[in-house]
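Chemist: Supplied structure: work.pdb, PDB, C-alpha atoms.
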```
ATOM      1  CA  MET A   1       0.000   0.000   0.000
ATOM      2  CA  ILE A   2       2.857   2.348   0.883
ATOM      3  CA  ASP A   3       4.683   1.365  -2.314
ATOM      4  CA  PHE A   4       1.582   2.030  -4.398
ATOM      5  CA  ARG A   5       1.051   5.459  -2.811
ATOM      6  CA  TYR A   6       4.732   6.213  -3.238
ATOM      7  CA  HIS A   7       4.575   5.401  -6.946
ATOM      8  CA  LEU A   8       1.364   7.365  -7.379
ATOM      9  CA  VAL A   9       2.827  10.463  -5.715
ATOM     10  CA  SER A  10       5.984  10.070  -7.770
ATOM     11  CA  ILE A  11       4.006   9.908 -11.016
ATOM     12  CA  VAL A  12       1.933  12.955 -10.070
ATOM     13  CA  ALA A  13       5.116  14.822  -9.127
ATOM     14  CA  ILE A  14       6.672  13.937 -12.464
ATOM     15  CA  PHE A  15       3.636  15.252 -14.380
ATOM     16  CA  LEU A  16       3.536  18.403 -12.279
ATOM     17  CA  ALA A  17       7.226  18.944 -12.936
ATOM     18  CA  LEU A  18       6.688  18.423 -16.665
ATOM     19  CA  ALA A  19       3.762  20.840 -16.699
ATOM     20  CA  LEU A  20       5.700  23.413 -14.713
ATOM     21  CA  GLY A  21       8.691  22.994 -17.047
ATOM     22  CA  ILE A  22       6.537  23.457 -20.107
ATOM     23  CA  VAL A  23       4.964  26.601 -18.669
ATOM     24  CA  LEU A  24       8.274  28.068 -17.569
ATOM     25  CA  GLY A  25      10.006  27.020 -20.789
ATOM     26  CA  SER A  26       7.311  28.425 -23.049
ATOM     27  CA  THR A  27       7.292  31.679 -21.106
ATOM     28  CA  THR A  28      11.052  31.989 -21.383
ATOM     29  CA  LEU A  29      10.963  31.043 -25.074
ATOM     30  CA  SER A  30       8.148  33.489 -25.717
ATOM     31  CA  ASP A  31      10.088  36.288 -24.069
ATOM     32  CA  SER A  32      13.174  35.388 -26.076
ATOM     33  CA  VAL A  33      11.284  35.322 -29.370
ATOM     34  CA  SER A  34       9.583  38.600 -28.548
ATOM     35  CA  ASP A  35      12.913  40.213 -27.738
ATOM     36  CA  THR A  36      14.402  38.974 -30.998
ATOM     37  CA  LEU A  37      11.434  40.170 -33.059
ATOM     38  CA  ARG A  38      11.472  43.514 -31.276
ATOM     39  CA  GLN A  39      15.164  43.960 -32.053
ATOM     40  CA  GLN A  40      14.626  43.025 -35.689
ATOM     41  CA  ALA A  41      11.691  45.439 -35.992
ATOM     42  CA  ASN A  42      13.716  48.260 -34.464
ATOM     43  CA  SER A  43      16.617  47.504 -36.791
ATOM     44  CA  ALA A  44      14.312  47.433 -39.833
ATOM     45  CA  ALA A  45      12.703  50.718 -38.818
ATOM     46  CA  LYS A  46      16.127  52.303 -38.395
ATOM     47  CA  THR A  47      17.250  50.999 -41.800
ATOM     48  CA  ALA A  48      14.058  52.277 -43.442
ATOM     49  CA  GLN A  49      14.549  55.702 -41.873
ATOM     50  CA  GLN A  50      18.150  55.811 -43.086
ATOM     51  CA  ALA A  51      16.968  54.837 -46.594
ATOM     52  CA  ARG A  52      14.333  57.591 -46.556
ATOM     53  CA  LEU A  53      16.927  60.157 -45.504
ATOM     54  CA  ALA A  54      19.372  58.934 -48.170
ATOM     55  CA  GLN A  55      16.620  59.063 -50.820
ATOM     56  CA  ARG A  56      15.685  62.587 -49.743
ATOM     57  CA  ASP A  57      19.308  63.720 -49.905
ATOM     58  CA  LEU A  58      19.731  62.108 -53.319
ATOM     59  CA  GLN A  59      16.565  63.783 -54.608
ATOM     60  CA  HIS A  60      17.799  67.149 -53.341
ATOM     61  CA  ARG A  61      21.093  66.553 -55.128
ATOM     62  CA  VAL A  62      19.343  65.577 -58.382
ATOM     63  CA  ASN A  63      17.062  68.606 -58.134
ATOM     64  CA  GLY A  64      20.096  70.807 -57.605
ATOM     65  CA  GLN A  65      21.879  69.351 -60.613
ATOM     66  CA  GLU A  66      18.768  69.791 -62.751
ATOM     67  CA  GLN A  67      18.418  73.396 -61.647
ATOM     68  CA  PHE A  68      22.108  73.984 -62.307
ATOM     69  CA  THR A  69      21.838  72.581 -65.835
ATOM     70  CA  LYS A  70      18.569  74.353 -66.593
ATOM     71  CA  VAL A  71      19.985  77.729 -65.610
ATOM     72  CA  LEU A  72      23.231  77.288 -67.552
ATOM     73  CA  ALA A  73      21.811  75.365 -70.527
ATOM     74  CA  PRO A  74      21.289  78.425 -72.780
ATOM     75  CA  GLN A  75      24.936  79.390 -72.272
ATOM     76  CA  ILE A  76      26.184  75.830 -72.780
ATOM     77  CA  VAL A  77      24.450  75.439 -76.165
ATOM     78  CA  GLN A  78      25.016  78.981 -77.437
ATOM     79  CA  ASN A  79      25.877  79.109 -81.172
ATOM     80  CA  ARG A  80      26.271  75.332 -81.433
ATOM     81  CA  LEU A  81      23.608  75.133 -84.162
ATOM     82  CA  LYS A  82      24.152  78.562 -85.680
ATOM     83  CA  GLY A  83      22.813  78.786 -89.225
ATOM     84  CA  GLN A  84      20.865  75.513 -88.923
ATOM     85  CA  SER A  85      17.147  74.802 -88.633
ATOM     86  CA  VAL A  86      15.278  72.056 -86.795
ATOM     87  CA  VAL A  87      11.967  70.292 -87.360
ATOM     88  CA  LEU A  88      10.331  68.426 -84.481
ATOM     89  CA  VAL A  89       8.604  65.084 -85.080
ATOM     90  CA  GLU A  90       6.326  63.766 -82.343
ATOM     91  CA  THR A  91       5.413  60.074 -82.311
ATOM     92  CA  PRO A  92       2.146  58.531 -81.043
ATOM     93  CA  GLY A  93       2.364  58.198 -77.265
ATOM     94  CA  ALA A  94       5.137  60.760 -76.836
ATOM     95  CA  GLY A  95       4.682  62.864 -73.725
ATOM     96  CA  ASP A  96       5.806  66.421 -73.178
ATOM     97  CA  ASP A  97       9.152  64.964 -72.075
ATOM     98  CA  GLY A  98      11.314  67.879 -73.089
ATOM     99  CA  ILE A  99      10.018  68.589 -76.605
ATOM    100  CA  GLU A 100       9.269  72.222 -75.788
ATOM    101  CA  GLN A 101      12.545  72.599 -73.894
ATOM    102  CA  VAL A 102      14.507  71.074 -76.789
ATOM    103  CA  SER A 103      12.770  73.518 -79.122
ATOM    104  CA  GLU A 104      13.792  76.473 -76.951
ATOM    105  CA  LEU A 105      17.356  75.177 -76.568
ATOM    106  CA  ALA A 106      17.648  74.777 -80.337
ATOM    107  CA  LYS A 107      16.784  78.466 -80.647
ATOM    108  CA  ASN A 108      19.314  79.312 -77.914
ATOM    109  CA  ALA A 109      21.842  77.341 -79.959
ATOM    110  CA  GLY A 110      21.232  79.607 -82.942
ATOM    111  CA  ALA A 111      18.900  77.387 -84.967
ATOM    112  CA  ALA A 112      15.485  78.230 -86.361
ATOM    113  CA  VAL A 113      12.647  75.829 -85.506
ATOM    114  CA  THR A 114      10.461  75.381 -88.572
ATOM    115  CA  GLY A 115       7.576  73.567 -86.905
ATOM    116  CA  ARG A 116       6.251  70.307 -85.549
ATOM    117  CA  VAL A 117       4.813  67.223 -87.204
ATOM    118  CA  THR A 118       2.767  64.921 -84.978
ATOM    119  CA  ILE A 119       2.458  61.364 -86.256
ATOM    120  CA  GLN A 120      -0.989  59.916 -85.637
ATOM    121  CA  LYS A 121      -1.478  56.304 -84.564
ATOM    122  CA  LYS A 122      -3.582  55.710 -87.674
ATOM    123  CA  LEU A 123      -0.433  55.888 -89.801
ATOM    124  CA  LEU A 124       0.996  52.890 -87.901
ATOM    125  CA  ASP A 125      -2.141  50.719 -88.017
ATOM    126  CA  ALA A 126      -1.556  47.470 -89.903
ATOM    127  CA  ASP A 127      -4.723  47.878 -91.956
ATOM    128  CA  GLN A 128      -3.411  51.158 -93.377
ATOM    129  CA  ARG A 129      -0.284  49.794 -95.030
ATOM    130  CA  THR A 130      -1.749  49.445 -98.487
ATOM    131  CA  THR A 131      -3.194  52.951 -98.352
ATOM    132  CA  VAL A 132       0.102  54.336 -97.003
ATOM    133  CA  ASP A 133       1.949  52.645 -99.857
ATOM    134  CA  GLU A 134      -0.428  54.006-102.505
ATOM    135  CA  LEU A 135      -0.424  57.528-101.049
ATOM    136  CA  SER A 136       3.363  57.631-100.804
ATOM    137  CA  THR A 137       3.749  56.439-104.386
ATOM    138  CA  GLN A 138       1.220  59.013-105.568
ATOM    139  CA  LEU A 139       2.963  61.903-103.752
ATOM    140  CA  LYS A 140       6.569  60.930-104.593
ATOM    141  CA  GLY A 141       8.538  63.878-105.940
ATOM    142  CA  ASP A 142      11.067  63.752-108.767
ATOM    143  CA  GLY A 143      13.994  63.743-106.338
ATOM    144  CA  VAL A 144      12.753  60.744-104.358
ATOM    145  CA  GLU A 145      13.752  57.202-105.240
ATOM    146  CA  PHE A 146      12.262  54.042-103.734
ATOM    147  CA  PRO A 147      14.493  50.958-103.415
ATOM    148  CA  ALA A 148      13.103  47.871-105.093
ATOM    149  CA  ASP A 149      12.410  46.214-101.748
ATOM    150  CA  ALA A 150      10.998  49.345-100.049
ATOM    151  CA  SER A 151       8.139  48.744 -97.610
ATOM    152  CA  ALA A 152       5.138  51.020 -97.322
ATOM    153  CA  TYR A 153       6.810  52.804 -94.417
ATOM    154  CA  ASP A 154      10.133  53.110 -96.214
ATOM    155  CA  LYS A 155       8.226  54.942 -98.941
ATOM    156  CA  ALA A 156       6.289  57.081 -96.467
ATOM    157  CA  GLY A 157       9.503  57.970 -94.672
ATOM    158  CA  ALA A 158      11.186  58.964 -97.925
ATOM    159  CA  VAL A 159       8.405  61.294 -99.125
ATOM    160  CA  LEU A 160       7.883  62.858 -95.677
ATOM    161  CA  ALA A 161      11.605  63.393 -95.201
ATOM    162  CA  ASN A 162      11.842  65.079 -98.613
ATOM    163  CA  ALA A 163       9.054  67.435 -97.542
ATOM    164  CA  LEU A 164      10.585  68.284 -94.147
ATOM    165  CA  VAL A 165      14.393  68.389 -94.367
ATOM    166  CA  THR A 166      17.195  69.101 -96.802
ATOM    167  CA  LYS A 167      20.962  69.219 -97.168
ATOM    168  CA  ASP A 168      20.719  71.867 -99.854
ATOM    169  CA  PRO A 169      21.195  75.408 -98.481
ATOM    170  CA  ALA A 170      19.108  76.725-101.380
ATOM    171  CA  ARG A 171      16.062  74.747-100.182
ATOM    172  CA  SER A 172      16.562  75.403 -96.471
ATOM    173  CA  GLY A 173      13.928  77.733 -95.037
ATOM    174  CA  ARG A 174      11.739  77.484 -98.136
ATOM    175  CA  GLU A 175       8.475  75.717 -98.793
ATOM    176  CA  ASP A 176       7.719  74.170-102.167
ATOM    177  CA  ALA A 177       4.671  72.799-103.927
ATOM    178  CA  VAL A 178       5.822  69.175-103.775
ATOM    179  CA  GLY A 179       6.477  69.260-100.030
ATOM    180  CA  GLY A 180       3.218  71.080 -99.419
ATOM    181  CA  ALA A 181       1.314  68.424-101.361
ATOM    182  CA  VAL A 182       2.936  65.670 -99.289
ATOM    183  CA  LEU A 183       2.037  67.271 -95.975
ATOM    184  CA  ASN A 184      -1.485  68.111 -97.121
ATOM    185  CA  GLY A 185      -1.995  64.582 -98.410
ATOM    186  CA  PHE A 186      -0.849  62.958 -95.170
ATOM    187  CA  LYS A 187      -2.935  65.414 -93.134
ATOM    188  CA  ALA A 188      -6.048  64.742 -95.241
ATOM    189  CA  ALA A 189      -5.578  60.997 -94.682
ATOM    190  CA  GLY A 190      -5.433  61.552 -90.908
ATOM    191  CA  TYR A 191      -1.846  60.357 -90.697
ATOM    192  CA  VAL A 192      -0.223  63.540 -89.362
ATOM    193  CA  THR A 193      -1.032  66.938 -87.911
ATOM    194  CA  THR A 194       1.265  69.943 -88.096
ATOM    195  CA  SER A 195       1.960  73.235 -86.356
ATOM    196  CA  GLY A 196       4.272  76.044 -87.401
ATOM    197  CA  LYS A 197       5.780  75.720 -90.871
ATOM    198  CA  PRO A 198       7.470  72.316 -91.017
ATOM    199  CA  GLY A 199       7.455  72.441 -94.814
ATOM    200  CA  GLN A 200      10.212  75.065 -94.777
ATOM    201  CA  HIS A 201      12.828  72.326 -95.056
ATOM    202  CA  ALA A 202      14.927  72.194 -91.912
ATOM    203  CA  THR A 203      18.485  70.911 -91.956
ATOM    204  CA  LEU A 204      18.086  68.822 -88.776
ATOM    205  CA  ALA A 205      15.334  66.737 -87.168
ATOM    206  CA  VAL A 206      14.502  65.710 -83.628
ATOM    207  CA  MET A 207      12.067  62.823 -83.225
ATOM    208  CA  VAL A 208      10.500  62.382 -79.781
ATOM    209  CA  ALA A 209       9.964  58.711 -78.923
ATOM    210  CA  PRO A 210       6.866  57.250 -77.244
ATOM    211  CA  ALA A 211       7.017  57.543 -73.450
ATOM    212  CA  ALA A 212       6.076  53.869 -73.029
ATOM    213  CA  PRO A 213       6.884  50.851 -75.213
ATOM    214  CA  TYR A 214       4.197  49.774 -77.675
ATOM    215  CA  ALA A 215       2.958  46.689 -75.815
ATOM    216  CA  TYR A 216       0.123  45.833 -78.203
ATOM    217  CA  ASP A 217       0.278  43.273 -81.021
ATOM    218  CA  GLY A 218       2.081  44.886 -83.902
ATOM    219  CA  GLY A 219       4.079  47.202 -81.664
ATOM    220  CA  ASP A 220       7.341  45.931 -83.158
ATOM    221  CA  GLU A 221       6.103  46.819 -86.636
ATOM    222  CA  ALA A 222       5.117  50.280 -85.423
ATOM    223  CA  ASN A 223       8.661  50.778 -84.125
ATOM    224  CA  LYS A 224      10.060  49.658 -87.485
ATOM    225  CA  ALA A 225       7.842  52.201 -89.249
ATOM    226  CA  LEU A 226       9.110  55.027 -87.043
ATOM    227  CA  ILE A 227      12.710  53.872 -87.471
ATOM    228  CA  SER A 228      12.200  54.020 -91.254
ATOM    229  CA  LEU A 229      11.075  57.627 -90.896
ATOM    230  CA  ALA A 230      14.003  58.527 -88.610
ATOM    231  CA  ALA A 231      16.493  56.963 -91.033
ATOM    232  CA  ALA A 232      14.892  58.782 -93.974
ATOM    233  CA  LEU A 233      15.046  62.112 -92.130
ATOM    234  CA  ASP A 234      18.709  61.511 -91.354
ATOM    235  CA  GLY A 235      19.486  60.642 -94.972
ATOM    236  CA  ALA A 236      17.636  63.596 -96.476
ATOM    237  CA  GLY A 237      18.948  66.187 -93.998
ATOM    238  CA  ARG A 238      22.132  66.856 -92.092
ATOM    239  CA  GLY A 239      21.252  64.697 -89.117
ATOM    240  CA  THR A 240      18.532  63.270 -86.888
ATOM    241  CA  VAL A 241      18.353  62.623 -83.154
ATOM    242  CA  VAL A 242      15.676  60.443 -81.569
ATOM    243  CA  GLY A 243      15.080  61.435 -77.954
ATOM    244  CA  GLY A 244      12.899  59.983 -75.228
ATOM    245  CA  PRO A 245      12.667  59.200 -71.510
ATOM    246  CA  PRO A 246      14.473  56.173 -70.005
ATOM    247  CA  THR A 247      11.427  53.966 -70.650
ATOM    248  CA  SER A 248      11.956  54.388 -74.406
ATOM    249  CA  ALA A 249      15.262  52.547 -74.043
ATOM    250  CA  GLN A 250      13.660  49.585 -72.289
ATOM    251  CA  GLU A 251      12.634  46.395 -74.074
ATOM    252  CA  GLY A 252       9.988  47.196 -76.686
ATOM    253  CA  GLY A 253      10.754  50.914 -76.663
ATOM    254  CA  LEU A 254      11.519  52.836 -79.848
ATOM    255  CA  ILE A 255      15.046  53.815 -78.814
ATOM    256  CA  ALA A 256      15.844  50.248 -77.753
ATOM    257  CA  ALA A 257      14.595  48.988 -81.131
ATOM    258  CA  LEU A 258      16.543  51.655 -83.034
ATOM    259  CA  ARG A 259      19.775  50.808 -81.208
ATOM    260  CA  ASP A 260      19.373  47.219 -82.382
ATOM    261  CA  ALA A 261      18.706  48.281 -85.974
ATOM    262  CA  ASP A 262      21.019  49.278 -88.822
ATOM    263  CA  ALA A 263      19.783  52.857 -88.399
ATOM    264  CA  ALA A 264      21.881  53.136 -85.215
ATOM    265  CA  ASP A 265      24.921  53.652 -87.451
ATOM    266  CA  SER A 266      23.550  56.991 -88.669
ATOM    267  CA  VAL A 267      20.792  58.146 -86.283
ATOM    268  CA  SER A 268      21.708  59.377 -82.794
ATOM    269  CA  THR A 269      19.595  58.632 -79.721
ATOM    270  CA  VAL A 270      19.257  60.245 -76.287
ATOM    271  CA  ASP A 271      17.262  58.323 -73.657
ATOM    272  CA  VAL A 272      17.204  61.078 -71.002
ATOM    273  CA  VAL A 273      15.459  63.847 -72.935
ATOM    274  CA  ASP A 274      13.030  64.332 -70.040
ATOM    275  CA  THR A 275      15.840  65.941 -68.015
ATOM    276  CA  ALA A 276      17.523  69.329 -68.411
ATOM    277  CA  SER A 277      20.905  67.684 -68.926
ATOM    278  CA  GLY A 278      19.426  65.272 -71.480
ATOM    279  CA  GLN A 279      18.031  68.203 -73.456
ATOM    280  CA  VAL A 280      21.509  69.736 -73.594
ATOM    281  CA  VAL A 281      22.859  66.357 -74.741
ATOM    282  CA  THR A 282      20.280  66.402 -77.554
ATOM    283  CA  ILE A 283      21.707  69.705 -78.836
ATOM    284  CA  LEU A 284      25.247  68.334 -78.575
ATOM    285  CA  ALA A 285      24.158  65.216 -80.478
ATOM    286  CA  LEU A 286      22.666  67.401 -83.237
ATOM    287  CA  GLN A 287      25.949  69.298 -83.417
ATOM    288  CA  LYS A 288      27.844  66.015 -83.798
ATOM    289  CA  GLU A 289      25.377  64.925 -86.491
ATOM    290  CA  ILE A 290      26.211  68.019 -88.548
ATOM    291  CA  GLY A 291      29.807  66.836 -88.522
ATOM    292  CA  GLY A 292      28.756  63.395 -89.726
ATOM    293  CA  LYS A 293      29.123  61.582 -86.398
ATOM    294  CA  SER A 294      26.343  59.654 -84.670
ATOM    295  CA  GLY A 295      26.132  58.241 -81.161
ATOM    296  CA  GLN A 296      23.919  56.635 -78.542
ATOM    297  CA  TYR A 297      23.697  58.662 -75.337
ATOM    298  CA  GLY A 298      22.038  58.470 -71.921
ATOM    299  CA  THR A 299      21.807  55.758 -69.292
ATOM    300  CA  GLY A 300      20.124  52.817 -71.028
ATOM    301  CA  ALA A 301      21.558  49.754 -72.728
ATOM    302  CA  GLY A 302      23.757  50.330 -75.747
ATOM    303  CA  VAL A 303      24.979  53.844 -74.921
ATOM    304  CA  SER A 304      28.539  55.004 -75.525
ATOM    305  CA  GLY A 305      28.231  57.497 -72.668
ATOM    306  CA  TYR A 306      25.900  60.028 -71.107
ATOM    307  CA  LEU A 307      26.959  62.624 -73.693
ATOM    308  CA  PRO A 308      29.333  62.872 -76.652
ATOM    309  CA  SER A 309      32.932  62.593 -75.472
ATOM    310  CA  PRO A 310      34.793  64.663 -76.252
ATOM    311  CA  ALA A 311      32.027  67.204 -76.508
ATOM    312  CA  PRO A 312      32.065  69.161 -79.766
ATOM    313  CA  PRO A 313      33.603  72.640 -79.454
ATOM    314  CA  ALA A 314      31.165  75.487 -78.920
ATOM    315  CA  GLY A 315      30.568  77.698 -81.935
ATOM    316  CA  LYS A 316      31.557  75.019 -84.456
ATOM    317  CA  ASN A 317      28.888  72.983 -86.205
ATOM    318  CA  GLY A 318      30.482  71.831 -89.382
TER     319      GLY A 318
END
```
When written as structure tokens, how does the structure in this file appear?

Modeler:
Amino acid sequence: MIDFRYHLVSIVAIFLALALGIVLGSTTLSDSVSDTLRQQANSAAKTAQQARLAQRDLQHRVNGQEQFTKVLAPQIVQNRLKGQSVVLVETPGAGDDGIEQVSELAKNAGAAVTGRVTIQKKLLDADQRTTVDELSTQLKGDGVEFPADASAYDKAGAVLANALVTKDPARSGREDAVGGAVLNGFKAAGYVTTSGKPGQHATLAVMVAPAAPYAYDGGDEANKALISLAAALDGAGRGTVVGGPPTSAQEGGLIAALRDADAADSVSTVDVVDTASGQVVTILALQKEIGGKSGQYGTGAGVSGYLPSPAPPAGKNG
């Protein structure tokens, strides 16, 4: 009887000890876990605060650099495009990422801005290719030749370029009946709109790329059509620069597509045209184009540098 009671008490004591151990152990473990989590949370909060402060400081620095460039930009570009003229070409989906600022800087650089041509999305629609081909063939001037394998957009690029730009000083600044007919024909078809006097035959062209890549089916073909126009403008005039924001240099963007195309050998690109410094780079790229040198500038894939290096001398554009 004593042995039985002794064993019973022993068993109860063991279970009580186990229960007490579990309670004490879980409490200790819980406190330890809580302390660890609290330390990790405090560390994460401190890191996040440091990141916010670093981001704020970086933004202040960027803003300062932008202000610095914006204030000095007119002086930096002065006389770099003296005696030249520029036509602006706006693509479907292009934002106001610097097009007005580039226009003003071109004037500061000594160039005249003839006007702006805005390409409408209708021109790039796949179901318009036959009509584009027929219209381009109909409006082709005597000085325009189509290669045997020319696509509809190669033809459109050739006739539009002949209406907008020239290498001939005698044609620069002058409108003619053939160019007027081309612009009127493309406007009547709903393919372009114009402002200013883009038919006055500029010597240089700036094309502003879409702000976002063409993600729809056929977007690659739309890029090819715009590249055909950029290449035609470059060939008919003294140089062309395609500018856009960084997104235009991402996969599917016009600048990314152009840098992978043969046109990259002759057409310059700037993928930071939405910044004050990028707008200055655009003027420098135009100046290099006059001298027969092309380049890819900015921060995206395929660039040779942020800007031409060495930069062309001020006051020389030939």

Chemist: Please report, as AutoDock Vina command-line options, the centre and edge lengths in Å to one decimal of an axis-aligned box covering all listed atoms of segment 285-302 of chain A with 6 Å per side.

Modeler:
```
--center_x 25.0 --center_y 59.5 --center_z -79.5 --size_x 21.7 --size_y 31.5 --size_z 32.4
```

Chemist: For Asp133 of chain A, please output as a PDB file with C-alpha atoms, keeping the file's coordinate frame all residues within 10 Å (counting only C-alpha atoms; exclusion window: fewer than 4 positions along the same chain).

Modeler:
```pdb
ATOM      1  CA  GLN A 128      -3.411  51.158 -93.377  1.00  0.00           C
ATOM      2  CA  ARG A 129      -0.284  49.794 -95.030  1.00  0.00           C
ATOM      3  CA  THR A 137       3.749  56.439-104.386  1.00  0.00           C
ATOM      4  CA  GLN A 138       1.220  59.013-105.568  1.00  0.00           C
ATOM      5  CA  ALA A 150      10.998  49.345-100.049  1.00  0.00           C
ATOM      6  CA  SER A 151       8.139  48.744 -97.610  1.00  0.00           C
ATOM      7  CA  ALA A 152       5.138  51.020 -97.322  1.00  0.00           C
ATOM      8  CA  TYR A 153       6.810  52.804 -94.417  1.00  0.00           C
ATOM      9  CA  ASP A 154      10.133  53.110 -96.214  1.00  0.00           C
ATOM     10  CA  LYS A 155       8.226  54.942 -98.941  1.00  0.00           C
ATOM     11  CA  ALA A 156       6.289  57.081 -96.467  1.00  0.00           C
TER      12      ALA A 156
END
```

Chemist: Written as an MDAnalysis selection string, which residues does the PyMOL selection byres ((chain A and resi 237) around 8) give for the file shown?

Modeler: chainID A and resid 161 165:167 202:205 233:236 238:240

Chemist: With only C-alpha atoms as the counted atoms, please give the residues lying no more than 12 Å from segment 210-220 of chain A, apart from itself and same-chain residues fewer than 4 positions off, as a CSV table (one decimal) with C-alpha atoms, in the frame of the given file.

Modeler:
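Listed below is the output, result_29.csv:
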```csv
chain,number,residue,atom,x,y,z
A,89,VAL,CA,8.6,65.1,-85.1
A,90,GLU,CA,6.3,63.8,-82.3
A,91,THR,CA,5.4,60.1,-82.3
A,92,PRO,CA,2.1,58.5,-81.0
A,93,GLY,CA,2.4,58.2,-77.3
A,94,ALA,CA,5.1,60.8,-76.8
A,95,GLY,CA,4.7,62.9,-73.7
A,96,ASP,CA,5.8,66.4,-73.2
A,97,ASP,CA,9.2,65.0,-72.1
A,98,GLY,CA,11.3,67.9,-73.1
A,99,ILE,CA,10.0,68.6,-76.6
A,118,THR,CA,2.8,64.9,-85.0
A,119,ILE,CA,2.5,61.4,-86.3
A,120,GLN,CA,-1.0,59.9,-85.6
A,121,LYS,CA,-1.5,56.3,-84.6
A,124,LEU,CA,1.0,52.9,-87.9
A,125,ASP,CA,-2.1,50.7,-88.0
A,126,ALA,CA,-1.6,47.5,-89.9
A,127,ASP,CA,-4.7,47.9,-92.0
A,224,LYS,CA,10.1,49.7,-87.5
A,225,ALA,CA,7.8,52.2,-89.2
A,226,LEU,CA,9.1,55.0,-87.0
A,227,ILE,CA,12.7,53.9,-87.5
A,242,VAL,CA,15.7,60.4,-81.6
A,243,GLY,CA,15.1,61.4,-78.0
A,244,GLY,CA,12.9,60.0,-75.2
A,245,PRO,CA,12.7,59.2,-71.5
A,246,PRO,CA,14.5,56.2,-70.0
A,247,THR,CA,11.4,54.0,-70.6
A,248,SER,CA,12.0,54.4,-74.4
A,249,ALA,CA,15.3,52.5,-74.0
A,250,GLN,CA,13.7,49.6,-72.3
A,251,GLU,CA,12.6,46.4,-74.1
A,252,GLY,CA,10.0,47.2,-76.7
A,253,GLY,CA,10.8,50.9,-76.7
A,254,LEU,CA,11.5,52.8,-79.8
A,255,ILE,CA,15.0,53.8,-78.8
A,256,ALA,CA,15.8,50.2,-77.8
A,257,ALA,CA,14.6,49.0,-81.1
A,258,LEU,CA,16.5,51.7,-83.0
A,261,ALA,CA,18.7,48.3,-86.0
A,271,ASP,CA,17.3,58.3,-73.7
A,272,VAL,CA,17.2,61.1,-71.0
A,273,VAL,CA,15.5,63.8,-72.9
A,274,ASP,CA,13.0,64.3,-70.0
```

Chemist: For the point (-0.7, 69.1, -87.6) in the file's frame, write as a list in words all residues with an atom no more than 8 Å away, counting all atoms listed in the file.

Modeler: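 Looking at atoms near the point gives Arg116, Val117, Thr118, Lys187, Val192, Thr193, Thr194 and Ser195 of chain A.
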
Chemist: Excluding Gly180 of chain A and its own-chain neighbours fewer than 3 positions away, which residues fall within 12 Å of it when counting only C-alpha atoms? Please give them as an MDAnalysis selection string.

Modeler: chainID A and resid 139:141 159:160 162:164 174:177 183:188 194 197:201

Chemist: Identify which of the residues A:Ala112, A:Val208, A:Gln75, A:Ser136 lies closest to Ala181 of chain A, counting only C-alpha atoms when measuring atom-to-atom distances.

Modeler: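 Of A:Ala112, A:Val208, A:Gln75, A:Ser136, the one nearest Ala181 of chain A, counting only C-alpha atoms, is A:Ser136.
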
Chemist: Carefully work through the PyMOL selection byres ((chain A and resi 82-85) around 9) for this structure and note down the residues it includes, as an MDAnalysis selection string.

Modeler: chainID A and resid 78:81 86:87 106:107 109:114 172:173 201:205 315:317

Chemist: Report, in Å with one decimal, the straight-line distance from atom CA of Pro147 of chain A to atom CA of Asp262 of chain A.

Modeler: 16.1 Å

Chemist: Just to confirm, what's the straight-line distance from atom CA of Gln287 of chain A to atom CA of Ala222 of chain A in Å (one decimal)?

Modeler: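 Atom-to-atom, atom CA of Gln287 of chain A and atom CA of Ala222 of chain A are spaced 28.3 Å apart.
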
Chemist: Might you spell out which residues the PyMOL selection byres ((chain A and resi 280) around 12) would select in the displayed file, as a compact mmCIF listing (two decimals) with C-alpha atoms, keeping the file's coordinate frame?

Modeler:
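New file result_14.txt:
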```
# COMPACT_ATOMS: atom_id res chain seq x y z
CA GLU A 66 18.77 69.79 -62.75
CA THR A 69 21.84 72.58 -65.83
CA LYS A 70 18.57 74.35 -66.59
CA VAL A 71 19.98 77.73 -65.61
CA LEU A 72 23.23 77.29 -67.55
CA ALA A 73 21.81 75.36 -70.53
CA PRO A 74 21.29 78.42 -72.78
CA GLN A 75 24.94 79.39 -72.27
CA ILE A 76 26.18 75.83 -72.78
CA VAL A 77 24.45 75.44 -76.17
CA GLN A 78 25.02 78.98 -77.44
CA ARG A 80 26.27 75.33 -81.43
CA GLY A 98 11.31 67.88 -73.09
CA ILE A 99 10.02 68.59 -76.60
CA GLN A 101 12.54 72.60 -73.89
CA VAL A 102 14.51 71.07 -76.79
CA SER A 103 12.77 73.52 -79.12
CA GLU A 104 13.79 76.47 -76.95
CA LEU A 105 17.36 75.18 -76.57
CA ALA A 106 17.65 74.78 -80.34
CA ASN A 108 19.31 79.31 -77.91
CA ALA A 109 21.84 77.34 -79.96
CA GLY A 243 15.08 61.44 -77.95
CA VAL A 270 19.26 60.24 -76.29
CA VAL A 272 17.20 61.08 -71.00
CA VAL A 273 15.46 63.85 -72.94
CA ASP A 274 13.03 64.33 -70.04
CA THR A 275 15.84 65.94 -68.02
CA ALA A 276 17.52 69.33 -68.41
CA SER A 277 20.90 67.68 -68.93
CA GLY A 278 19.43 65.27 -71.48
CA GLN A 279 18.03 68.20 -73.46
CA VAL A 281 22.86 66.36 -74.74
CA THR A 282 20.28 66.40 -77.55
CA ILE A 283 21.71 69.70 -78.84
CA LEU A 284 25.25 68.33 -78.58
CA ALA A 285 24.16 65.22 -80.48
CA LEU A 286 22.67 67.40 -83.24
CA GLN A 287 25.95 69.30 -83.42
CA TYR A 297 23.70 58.66 -75.34
CA GLY A 298 22.04 58.47 -71.92
CA TYR A 306 25.90 60.03 -71.11
CA LEU A 307 26.96 62.62 -73.69
CA PRO A 308 29.33 62.87 -76.65
CA ALA A 311 32.03 67.20 -76.51
```
